[in-house]
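Have a look at input.cif below; it lists mmCIF, C-alpha atoms and all ligand atoms.
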```cif
data_final
#
loop_
_atom_site.group_PDB
_atom_site.id
_atom_site.type_symbol
_atom_site.label_atom_id
_atom_site.label_comp_id
_atom_site.auth_asym_id
_atom_site.auth_seq_id
_atom_site.Cartn_x
_atom_site.Cartn_y
_atom_site.Cartn_z
ATOM 1 C CA MET A 1 -8.259 -11.477 31.311
ATOM 2 C CA SER A 2 -4.949 -10.286 29.860
ATOM 3 C CA THR A 3 -4.787 -7.339 27.497
ATOM 4 C CA GLY A 4 -4.929 -8.096 23.795
ATOM 5 C CA LYS A 5 -2.847 -6.469 21.143
ATOM 6 C CA VAL A 6 -3.353 -4.145 18.205
ATOM 7 C CA TRP A 7 -1.641 -4.482 14.830
ATOM 8 C CA LEU A 8 -1.705 -1.442 12.563
ATOM 9 C CA VAL A 9 -1.498 -3.020 9.155
ATOM 10 C CA GLY A 10 -1.038 -1.315 5.794
ATOM 11 C CA ALA A 11 -3.171 -2.967 3.115
ATOM 12 C CA GLY A 12 -1.427 -1.314 0.161
ATOM 13 C CA PRO A 13 -3.101 0.820 -2.506
ATOM 14 C CA GLY A 14 -5.680 -1.672 -3.782
ATOM 15 C CA ASP A 15 -4.241 -4.603 -5.718
ATOM 16 C CA ALA A 16 -4.291 -7.525 -3.265
ATOM 17 C CA GLY A 17 -0.966 -8.656 -4.683
ATOM 18 C CA LEU A 18 0.607 -5.626 -3.038
ATOM 19 C CA PHE A 19 -0.506 -6.683 0.439
ATOM 20 C CA THR A 20 2.566 -7.881 2.350
ATOM 21 C CA ILE A 21 3.041 -11.480 3.506
ATOM 22 C CA LYS A 22 3.345 -10.230 7.076
ATOM 23 C CA GLY A 23 0.140 -8.248 6.701
ATOM 24 C CA MET A 24 -1.695 -11.303 5.405
ATOM 25 C CA GLU A 25 -0.370 -13.536 8.205
ATOM 26 C CA THR A 26 -1.388 -10.981 10.800
ATOM 27 C CA LEU A 27 -4.846 -10.612 9.267
ATOM 28 C CA GLN A 28 -5.425 -14.342 9.330
ATOM 29 C CA GLN A 29 -4.856 -14.404 13.103
ATOM 30 C CA ALA A 30 -7.234 -11.520 13.772
ATOM 31 C CA GLU A 31 -10.225 -11.707 16.096
ATOM 32 C CA VAL A 32 -11.388 -8.176 15.371
ATOM 33 C CA VAL A 33 -10.694 -6.223 12.170
ATOM 34 C CA VAL A 34 -11.230 -2.481 12.029
ATOM 35 C CA TYR A 35 -10.909 -1.271 8.425
ATOM 36 C CA ASP A 36 -11.589 1.773 6.324
ATOM 37 C CA SER A 37 -12.914 2.432 2.849
ATOM 38 C CA LEU A 38 -9.616 2.401 0.954
ATOM 39 C CA VAL A 39 -8.945 -1.272 1.705
ATOM 40 C CA GLY A 40 -9.517 -3.380 -1.431
ATOM 41 C CA GLN A 41 -12.394 -5.884 -1.609
ATOM 42 C CA GLU A 42 -10.086 -8.760 -2.361
ATOM 43 C CA ILE A 43 -8.128 -8.126 0.822
ATOM 44 C CA LEU A 44 -11.331 -7.837 2.848
ATOM 45 C CA SER A 45 -12.373 -11.238 1.490
ATOM 46 C CA ARG A 46 -9.313 -12.755 3.233
ATOM 47 C CA ILE A 47 -10.523 -11.767 6.688
ATOM 48 C CA PRO A 48 -11.169 -14.983 8.639
ATOM 49 C CA GLU A 49 -14.871 -15.807 8.974
ATOM 50 C CA SER A 50 -14.525 -16.001 12.739
ATOM 51 C CA ALA A 51 -13.327 -12.395 12.978
ATOM 52 C CA ARG A 52 -15.641 -9.529 13.787
ATOM 53 C CA CYS A 53 -15.403 -6.740 11.210
ATOM 54 C CA ILE A 54 -15.905 -3.096 11.993
ATOM 55 C CA ASN A 55 -16.122 -0.763 9.011
ATOM 56 C CA VAL A 56 -15.074 2.716 10.002
ATOM 57 C CA GLY A 57 -14.979 3.716 6.318
ATOM 58 C CA LYS A 58 -13.723 7.229 5.994
ATOM 59 C CA ARG A 59 -13.811 9.331 2.884
ATOM 60 C CA ALA A 60 -12.877 12.992 3.116
ATOM 61 C CA SER A 61 -16.422 14.368 3.014
ATOM 62 C CA HIS A 62 -18.467 11.785 4.927
ATOM 63 C CA HIS A 63 -16.709 10.169 7.868
ATOM 64 C CA THR A 64 -18.675 7.176 9.020
ATOM 65 C CA MET A 65 -16.852 7.121 12.343
ATOM 66 C CA PRO A 66 -14.944 10.030 13.901
ATOM 67 C CA GLN A 67 -11.260 9.349 14.659
ATOM 68 C CA GLU A 68 -11.804 9.630 18.427
ATOM 69 C CA GLN A 69 -14.361 6.847 18.239
ATOM 70 C CA ILE A 70 -12.056 4.656 16.122
ATOM 71 C CA ASN A 71 -9.346 5.126 18.742
ATOM 72 C CA GLN A 72 -11.840 4.152 21.425
ATOM 73 C CA VAL A 73 -12.882 0.981 19.581
ATOM 74 C CA LEU A 74 -9.245 -0.125 19.298
ATOM 75 C CA VAL A 75 -8.643 0.423 23.005
ATOM 76 C CA GLU A 76 -11.872 -1.258 24.100
ATOM 77 C CA GLU A 77 -11.416 -4.337 21.919
ATOM 78 C CA ALA A 78 -7.802 -4.769 22.999
ATOM 79 C CA LYS A 79 -8.752 -4.379 26.643
ATOM 80 C CA LYS A 80 -11.242 -7.214 26.184
ATOM 81 C CA GLY A 81 -8.207 -9.353 25.344
ATOM 82 C CA HIS A 82 -8.699 -9.480 21.581
ATOM 83 C CA ARG A 83 -6.196 -9.612 18.757
ATOM 84 C CA VAL A 84 -7.183 -6.489 16.880
ATOM 85 C CA VAL A 85 -6.070 -5.670 13.344
ATOM 86 C CA ARG A 86 -6.448 -2.044 12.297
ATOM 87 C CA LEU A 87 -6.354 -2.349 8.524
ATOM 88 C CA LYS A 88 -5.610 0.818 6.576
ATOM 89 C CA GLY A 89 -5.163 1.688 2.917
ATOM 90 C CA GLY A 90 -1.558 2.113 1.771
ATOM 91 C CA ASP A 91 0.863 2.553 4.657
ATOM 92 C CA PRO A 92 -0.563 3.228 8.134
ATOM 93 C CA PHE A 93 1.841 6.089 8.843
ATOM 94 C CA VAL A 94 1.369 7.993 5.590
ATOM 95 C CA PHE A 95 -1.594 10.340 6.109
ATOM 96 C CA GLY A 96 -3.447 7.460 7.694
ATOM 97 C CA ARG A 97 -3.654 8.930 11.190
ATOM 98 C CA GLY A 98 -1.787 5.846 12.370
ATOM 99 C CA GLY A 99 0.363 8.103 14.522
ATOM 100 C CA GLU A 100 -2.665 9.294 16.467
ATOM 101 C CA GLU A 101 -3.842 5.745 17.052
ATOM 102 C CA VAL A 102 -0.402 4.672 18.261
ATOM 103 C CA GLU A 103 -0.208 7.629 20.664
ATOM 104 C CA LEU A 104 -3.356 6.447 22.362
ATOM 105 C CA LEU A 105 -2.218 2.808 22.484
ATOM 106 C CA VAL A 106 1.002 3.938 24.173
ATOM 107 C CA LYS A 107 -0.959 6.010 26.662
ATOM 108 C CA GLU A 108 -3.274 3.103 27.452
ATOM 109 C CA GLN A 109 -0.307 0.713 27.646
ATOM 110 C CA ILE A 110 -1.731 -1.567 24.992
ATOM 111 C CA PRO A 111 0.839 -3.675 23.128
ATOM 112 C CA PHE A 112 0.946 -2.948 19.416
ATOM 113 C CA GLU A 113 2.872 -3.604 16.219
ATOM 114 C CA VAL A 114 2.984 -1.704 12.951
ATOM 115 C CA VAL A 115 3.090 -3.605 9.674
ATOM 116 C CA PRO A 116 4.012 -1.155 6.909
ATOM 117 C CA GLY A 117 2.235 -1.249 3.591
ATOM 118 C CA VAL A 118 2.965 -0.234 0.009
ATOM 119 C CA THR A 119 1.946 3.399 0.002
ATOM 120 C CA SER A 120 -0.116 4.872 -2.818
ATOM 121 C CA CYS A 121 2.536 7.625 -3.128
ATOM 122 C CA THR A 122 4.817 5.250 -4.988
ATOM 123 C CA GLY A 123 2.588 2.257 -5.811
ATOM 124 C CA VAL A 124 -0.015 4.221 -7.754
ATOM 125 C CA PRO A 125 2.473 6.138 -9.943
ATOM 126 C CA ALA A 126 4.338 2.874 -10.587
ATOM 127 C CA TYR A 127 1.220 1.142 -11.936
ATOM 128 C CA ALA A 128 0.582 4.213 -14.081
ATOM 129 C CA GLY A 129 4.078 3.939 -15.574
ATOM 130 C CA ILE A 130 5.504 6.917 -13.685
ATOM 131 C CA PRO A 131 8.811 6.572 -11.795
ATOM 132 C CA VAL A 132 8.795 9.171 -9.004
ATOM 133 C CA THR A 133 12.555 9.668 -9.317
ATOM 134 C CA HIS A 134 14.797 9.492 -12.349
ATOM 135 C CA ARG A 135 18.525 10.163 -12.561
ATOM 136 C CA ASP A 136 18.014 12.533 -15.481
ATOM 137 C CA CYS A 137 15.147 14.668 -14.230
ATOM 138 C CA ALA A 138 13.994 14.127 -10.621
ATOM 139 C CA SER A 139 16.419 13.605 -7.762
ATOM 140 C CA SER A 140 13.783 13.802 -5.035
ATOM 141 C CA PHE A 141 10.085 13.320 -4.573
ATOM 142 C CA HIS A 142 7.781 14.985 -2.086
ATOM 143 C CA VAL A 143 4.448 13.893 -0.745
ATOM 144 C CA ILE A 144 1.919 16.550 0.178
ATOM 145 C CA THR A 145 -1.618 16.389 1.528
ATOM 146 C CA GLY A 146 -4.299 18.468 -0.158
ATOM 147 C CA HIS A 147 -6.562 17.942 2.828
ATOM 148 C CA ALA A 148 -7.245 20.680 5.364
ATOM 149 C CA GLN A 149 -5.620 20.627 8.762
ATOM 150 C CA ARG A 150 -7.374 20.294 12.109
ATOM 151 C CA ASP A 151 -8.272 23.992 12.096
ATOM 152 C CA GLY A 152 -9.860 23.695 8.638
ATOM 153 C CA GLU A 153 -7.037 25.655 7.019
ATOM 154 C CA ILE A 154 -5.048 24.299 4.143
ATOM 155 C CA ARG A 155 -1.466 25.461 3.894
ATOM 156 C CA ILE A 156 0.820 24.485 1.071
ATOM 157 C CA ASP A 157 4.126 26.287 0.659
ATOM 158 C CA PHE A 158 4.010 26.444 -3.144
ATOM 159 C CA PRO A 159 7.163 28.594 -3.586
ATOM 160 C CA SER A 160 9.217 26.034 -1.633
ATOM 161 C CA LEU A 161 7.735 23.127 -3.583
ATOM 162 C CA ALA A 162 8.369 24.876 -6.901
ATOM 163 C CA ARG A 163 12.018 25.477 -5.920
ATOM 164 C CA LEU A 164 12.710 21.844 -4.981
ATOM 165 C CA GLY A 165 12.648 20.571 -8.541
ATOM 166 C CA GLY A 166 11.585 17.088 -7.464
ATOM 167 C CA THR A 167 8.449 15.141 -8.318
ATOM 168 C CA LEU A 168 5.433 16.313 -6.320
ATOM 169 C CA VAL A 169 2.836 13.779 -5.241
ATOM 170 C CA PHE A 170 -0.404 15.149 -3.808
ATOM 171 C CA LEU A 171 -2.743 12.922 -1.842
ATOM 172 C CA MET A 172 -6.331 13.869 -1.025
ATOM 173 C CA GLY A 173 -5.992 16.769 -3.438
ATOM 174 C CA LEU A 174 -8.479 16.049 -6.220
ATOM 175 C CA ALA A 175 -11.129 18.462 -4.937
ATOM 176 C CA ARG A 176 -8.496 21.217 -4.972
ATOM 177 C CA LEU A 177 -6.715 20.243 -8.185
ATOM 178 C CA GLY A 178 -7.249 23.631 -9.844
ATOM 179 C CA TRP A 179 -6.100 25.488 -6.760
ATOM 180 C CA ILE A 180 -2.963 23.323 -6.487
ATOM 181 C CA ALA A 181 -2.076 23.773 -10.165
ATOM 182 C CA LYS A 182 -2.567 27.539 -9.928
ATOM 183 C CA GLY A 183 -0.479 27.699 -6.746
ATOM 184 C CA LEU A 184 2.411 25.941 -8.464
ATOM 185 C CA LEU A 185 2.135 28.055 -11.630
ATOM 186 C CA ASP A 186 1.982 31.285 -9.604
ATOM 187 C CA ALA A 187 5.076 30.082 -7.752
ATOM 188 C CA GLY A 188 6.964 29.897 -11.030
ATOM 189 C CA MET A 189 6.554 26.348 -12.275
ATOM 190 C CA LYS A 190 6.408 26.066 -16.058
ATOM 191 C CA LYS A 191 3.035 25.639 -17.753
ATOM 192 C CA ASP A 192 4.297 22.587 -19.622
ATOM 193 C CA THR A 193 5.480 20.752 -16.499
ATOM 194 C CA PRO A 194 4.180 17.182 -16.841
ATOM 195 C CA ALA A 195 1.208 16.435 -14.586
ATOM 196 C CA ALA A 196 -0.934 13.362 -14.063
ATOM 197 C CA VAL A 197 -3.966 12.280 -12.081
ATOM 198 C CA VAL A 198 -4.522 8.610 -11.319
ATOM 199 C CA GLU A 199 -7.858 7.325 -10.027
ATOM 200 C CA ASN A 200 -8.237 3.980 -8.262
ATOM 201 C CA GLY A 201 -4.610 3.172 -8.944
ATOM 202 C CA THR A 202 -3.413 -0.462 -8.963
ATOM 203 C CA THR A 203 -6.995 -1.752 -9.176
ATOM 204 C CA ALA A 204 -8.961 -3.038 -12.165
ATOM 205 C CA LYS A 205 -10.756 0.332 -12.154
ATOM 206 C CA GLN A 206 -7.559 2.359 -12.555
ATOM 207 C CA ARG A 207 -7.846 5.402 -14.822
ATOM 208 C CA LYS A 208 -5.248 8.038 -15.550
ATOM 209 C CA VAL A 209 -5.014 11.422 -17.181
ATOM 210 C CA ILE A 210 -1.619 12.637 -18.298
ATOM 211 C CA SER A 211 -1.171 16.225 -19.365
ATOM 212 C CA VAL A 212 0.660 19.401 -18.375
ATOM 213 C CA LEU A 213 0.269 21.563 -15.300
ATOM 214 C CA SER A 214 -1.647 24.361 -17.036
ATOM 215 C CA ASP A 215 -4.505 22.139 -18.190
ATOM 216 C CA ILE A 216 -4.490 19.135 -15.858
ATOM 217 C CA GLU A 217 -7.604 20.368 -14.044
ATOM 218 C CA GLU A 218 -9.568 20.697 -17.277
ATOM 219 C CA LYS A 219 -8.428 17.281 -18.530
ATOM 220 C CA ALA A 220 -9.329 15.600 -15.228
ATOM 221 C CA LYS A 221 -12.781 17.234 -15.371
ATOM 222 C CA GLU A 222 -13.293 16.102 -18.961
ATOM 223 C CA GLU A 223 -12.556 12.535 -17.899
ATOM 224 C CA ASP A 224 -14.686 12.945 -14.766
ATOM 225 C CA ILE A 225 -11.878 11.644 -12.553
ATOM 226 C CA GLN A 226 -13.157 10.641 -9.113
ATOM 227 C CA LYS A 227 -11.703 9.844 -5.678
ATOM 228 C CA PRO A 228 -9.507 8.196 -4.605
ATOM 229 C CA ALA A 229 -6.950 9.842 -6.821
ATOM 230 C CA ILE A 230 -3.410 11.093 -6.596
ATOM 231 C CA ILE A 231 -1.865 14.005 -8.438
ATOM 232 C CA ILE A 232 1.698 13.780 -9.722
ATOM 233 C CA VAL A 233 3.563 16.871 -10.933
ATOM 234 C CA GLY A 234 7.030 17.073 -12.420
HETATM 235 N N1 LIG A 301 -2.169 5.725 3.966
HETATM 236 C C1 LIG A 301 -2.481 5.878 2.571
HETATM 237 C C2 LIG A 301 -2.978 7.277 2.257
HETATM 238 C C3 LIG A 301 -4.224 7.664 2.975
HETATM 239 S S1 LIG A 301 -4.816 9.236 2.474
HETATM 240 C C4 LIG A 301 -1.289 5.501 1.721
HETATM 241 O O1 LIG A 301 -0.184 5.270 2.235
HETATM 242 O O2 LIG A 301 -1.462 5.366 0.510
HETATM 243 C C5 LIG A 301 -5.950 8.795 1.210
HETATM 244 C C6 LIG A 301 -5.465 9.271 -0.138
HETATM 245 O O3 LIG A 301 -4.519 8.368 -0.677
HETATM 246 C C7 LIG A 301 -6.536 9.362 -1.179
HETATM 247 O O4 LIG A 301 -7.270 10.558 -1.076
HETATM 248 C C8 LIG A 301 -5.718 9.332 -2.458
HETATM 249 O O5 LIG A 301 -5.126 10.584 -2.710
HETATM 250 C C9 LIG A 301 -4.610 8.362 -2.077
HETATM 251 N N2 LIG A 301 -4.890 6.979 -2.530
HETATM 252 C C10 LIG A 301 -4.933 5.883 -1.761
HETATM 253 N N3 LIG A 301 -5.172 4.789 -2.494
HETATM 254 C C11 LIG A 301 -5.255 5.202 -3.778
HETATM 255 C C12 LIG A 301 -5.489 4.550 -5.029
HETATM 256 N N4 LIG A 301 -5.658 3.229 -5.108
HETATM 257 N N5 LIG A 301 -5.519 5.291 -6.154
HETATM 258 C C13 LIG A 301 -5.346 6.622 -6.100
HETATM 259 N N6 LIG A 301 -5.126 7.299 -4.958
HETATM 260 C C14 LIG A 301 -5.080 6.609 -3.812
#
```

Would you write the structure of this file as structure tokens?
Ligand code: SAH
Amino acid sequence: MSTGKVWLVGAGPGDAGLFTIKGMETLQQAEVVVYDSLVGQEILSRIPESARCINVGKRASHHTMPQEQINQVLVEEAKKGHRVVRLKGGDPFVFGRGGEEVELLVKEQIPFEVVPGVTSCTGVPAYAGIPVTHRDCASSFHVITGHAQRDGEIRIDFPSLARLGGTLVFLMGLARLGWIAKGLLDAGMKKDTPAAVVENGTTAKQRKVISVLSDIEEKAKEEDIQKPAIIIVG
């Protein structure tokens, strides 16, 4: 039997209307779909009935399937000759560990394609009415993970970020919102720098809190903002 193929497909931030045409076409040809928890229900409902679905649903605190095992599933299913779609929230190469999956596919000589998606870094602020750049006040934007690295350490170079003057977008940072805000303030950012937190952006459940850096943590707590959420500063 000949080797199958793996498509790493970005599902966008939630709203099914933000799923690309190419992504949808690829999904409809799938024999096996491996997806995680950030993929919207409406997109999941478009998976062909004949396809086998594997939910590897990861959320920061309780991984249902370790990354090594996900990689293994992709390789095994492709080696069986299947057309495998690895469906990921947002864009597969933005904090989605898509790079790690591709490394293994290259090593195992499995054909693959990447179908980019609308990333939450820009899609979620847009639905919340926040342009990440603006000619008058933000000539760059920077995307930072608030999640710990492989060694469990979390390193954010706050002084550099504070100096850049661009819009800062933090993913996976809600649990450390207070720590992030303090880091930026200690690094010299003004207390009244605009800050926002958007939960479940682009979906019907979207909620947002807009405030200033010095009290964004308190405001987000008051509103009981939950994951998935992004933090926008500047
Ligand atoms: N590959 C994804 C990001 C994966 S990391 C992308 O390109 O968007 C997961 C983080 O993305 C979450 O912790 C959250 O910070 C952010 N995120 C993804 N979808 C989101 C949504 N609909 N609303 C708010 N934040 C979201």

- Target residues per the PyMOL selection byres (((chain A and resi 200) around 8) and not hetatm), formatted as a ChimeraX atom specification: /A:14,198-199,201-203,205-207,227-229

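Taking all atoms listed in the file into account, Leu87 of chain A lies nearest to A:Trp7 out of the set A:Tyr127, A:Trp7, A:Phe141, A:Phe112.
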
- Query: With distances taken over only C-alpha atoms and all ligand atoms, which of A:Ser45, A:Thr3, A:Ser37, A:Gln69 is nearest to ligand LIG 301 (chain A)?
  - Reply: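 For ligand LIG 301 (chain A), the nearest of the candidates is A:Ser37.
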
- Note on the structure: Of A:Arg52, A:Arg176, A:Lys221, A:Lys5, the one nearest to Val34 of chain A when counting all atoms listed in the file is A:Arg52

- Of the residues A:Ala196, A:Ala187, A:Ala16, A:Val9, which is the one nearest to Gly98 of chain A, using all atoms listed in the file?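 Of the candidates, the smallest distance to Gly98 of chain A is held by A:Val9.
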
- Query: Which polymer residues, protein or nucleic acid, are no farther than 12 Å from (-3.9, 23.1, -7.8), counting only C-alpha atoms, as JSON, numbers by chain?
  - Reply: {"A": [144, 145, 146, 156, 158, 168, 169, 170, 171, 172, 173, 174, 175, 176, 177, 178, 179, 180, 181, 182, 183, 184, 185, 186, 187, 189, 195, 196, 197, 213, 214, 215, 216, 217, 218, 220, 231, 232, 233]}

- Message: Could you check the closest approach to ligand LIG 301 (chain A) for each of A:Leu38, A:Ile21, A:Ile43, A:Met65 and tell me which residue wins, using all atoms listed in the file?
- Response: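 Between A:Leu38, A:Ile21, A:Ile43, A:Met65, the residue approaching ligand LIG 301 (chain A) most closely is A:Leu38.
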
Emit as lines of an AutoDock Vina configuration file the padded axis-aligned box for all listed atoms of ligand LIG 301 (chain A), 5 Å per side, with centre and edge lengths in Å to one decimal.
```
center_x = -3.7
center_y = 6.9
center_z = -1.1
size_x = 17.1
size_y = 17.4
size_z = 20.1
```

- When distances are computed from all atoms listed in the file, which of A:Asn55, A:Gln109, A:Ser120, A:Gln72 shows the smallest separation from Asp15 of chain A?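 Under the stated criterion, the closest residue is A:Ser120.
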
- Message: The residues within 9 Å of (-11.6, -6.2, 20.7), using only C-alpha atoms and the coordinates of the file, should be reported as a ChimeraX atom specification; which are they?
- Response: /A:4-6,31-33,52,73-84

- Interatomic distance, atom C9 of ligand LIG 301 (chain A) to atom CA of Val115 of chain A (Å, one decimal): 18.5 Å

- Message: Please compute the atom CA of Glu113 of chain A-atom CA of Leu44 of chain A distance, one decimal, in Å.
- Response: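 Pair atom CA of Glu113 of chain A / atom CA of Leu44 of chain A returns 20.0 Å.
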
- Task: Work out how far apart atom CA of Ile154 of chain A and atom C6 of ligand LIG 301 (chain A) are and give it in Å to one decimal.
- Result: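 So the answer is 15.6 Å.
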
Complete segment 88-97 of chain A at the level of all heavy atoms, written as a compact mmCIF listing (two decimals), keeping the file's coordinate frame.
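out_15.txt written:
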```txt
# COMPACT_ATOMS: atom_id res chain seq x y z
N LYS A 88 -5.52 -0.50 7.22
CA LYS A 88 -5.61 0.82 6.58
C LYS A 88 -5.10 0.76 5.15
O LYS A 88 -4.18 0.01 4.86
CB LYS A 88 -4.71 1.81 7.32
CG LYS A 88 -5.20 2.19 8.68
CD LYS A 88 -4.07 2.90 9.41
CE LYS A 88 -4.54 3.50 10.69
NZ LYS A 88 -5.43 4.64 10.50
N GLY A 89 -5.64 1.61 4.29
CA GLY A 89 -5.16 1.69 2.92
C GLY A 89 -3.71 2.16 2.88
O GLY A 89 -3.30 2.96 3.72
N GLY A 90 -2.94 1.65 1.94
CA GLY A 90 -1.56 2.11 1.77
C GLY A 90 -0.70 1.75 2.95
O GLY A 90 -0.71 0.61 3.43
N ASP A 91 0.03 2.73 3.47
CA ASP A 91 0.86 2.55 4.66
C ASP A 91 0.19 3.27 5.83
O ASP A 91 -0.31 4.38 5.66
CB ASP A 91 2.25 3.16 4.40
CG ASP A 91 3.16 2.96 5.60
OD1 ASP A 91 3.12 3.79 6.54
OD2 ASP A 91 3.89 1.96 5.61
N PRO A 92 0.19 2.63 7.01
CA PRO A 92 -0.56 3.23 8.13
C PRO A 92 -0.03 4.58 8.60
O PRO A 92 -0.76 5.35 9.21
CB PRO A 92 -0.41 2.20 9.26
CG PRO A 92 0.30 1.03 8.72
CD PRO A 92 0.79 1.34 7.34
N PHE A 93 1.25 4.84 8.33
CA PHE A 93 1.84 6.09 8.84
C PHE A 93 1.95 7.18 7.78
O PHE A 93 2.58 8.20 7.99
CB PHE A 93 3.23 5.82 9.44
CG PHE A 93 3.18 5.26 10.85
CD1 PHE A 93 4.35 4.87 11.49
CD2 PHE A 93 2.00 5.13 11.55
CE1 PHE A 93 4.34 4.37 12.78
CE2 PHE A 93 1.96 4.63 12.84
CZ PHE A 93 3.13 4.25 13.47
N VAL A 94 1.38 6.93 6.61
CA VAL A 94 1.37 7.99 5.59
C VAL A 94 -0.05 8.55 5.49
O VAL A 94 -0.94 7.92 4.91
CB VAL A 94 1.83 7.47 4.21
CG1 VAL A 94 1.77 8.58 3.16
CG2 VAL A 94 3.25 6.89 4.29
N PHE A 95 -0.28 9.70 6.08
CA PHE A 95 -1.59 10.34 6.11
C PHE A 95 -2.72 9.39 6.53
O PHE A 95 -3.85 9.56 6.09
CB PHE A 95 -1.93 10.96 4.74
CG PHE A 95 -0.94 11.99 4.30
CD1 PHE A 95 -0.42 11.98 3.02
CD2 PHE A 95 -0.52 12.98 5.17
CE1 PHE A 95 0.50 12.94 2.60
CE2 PHE A 95 0.41 13.94 4.78
CZ PHE A 95 0.91 13.91 3.49
N GLY A 96 -2.41 8.41 7.31
CA GLY A 96 -3.45 7.46 7.69
C GLY A 96 -3.88 7.65 9.14
O GLY A 96 -4.68 6.88 9.65
N ARG A 97 -3.37 8.66 9.78
CA ARG A 97 -3.65 8.93 11.19
C ARG A 97 -3.22 7.78 12.09
O ARG A 97 -3.68 7.65 13.22
CB ARG A 97 -5.15 9.29 11.38
CG ARG A 97 -5.52 10.47 10.49
CD ARG A 97 -6.90 10.98 10.73
NE ARG A 97 -6.99 11.73 11.97
CZ ARG A 97 -8.06 12.45 12.33
NH1 ARG A 97 -9.09 12.52 11.51
NH2 ARG A 97 -8.10 13.09 13.46
```
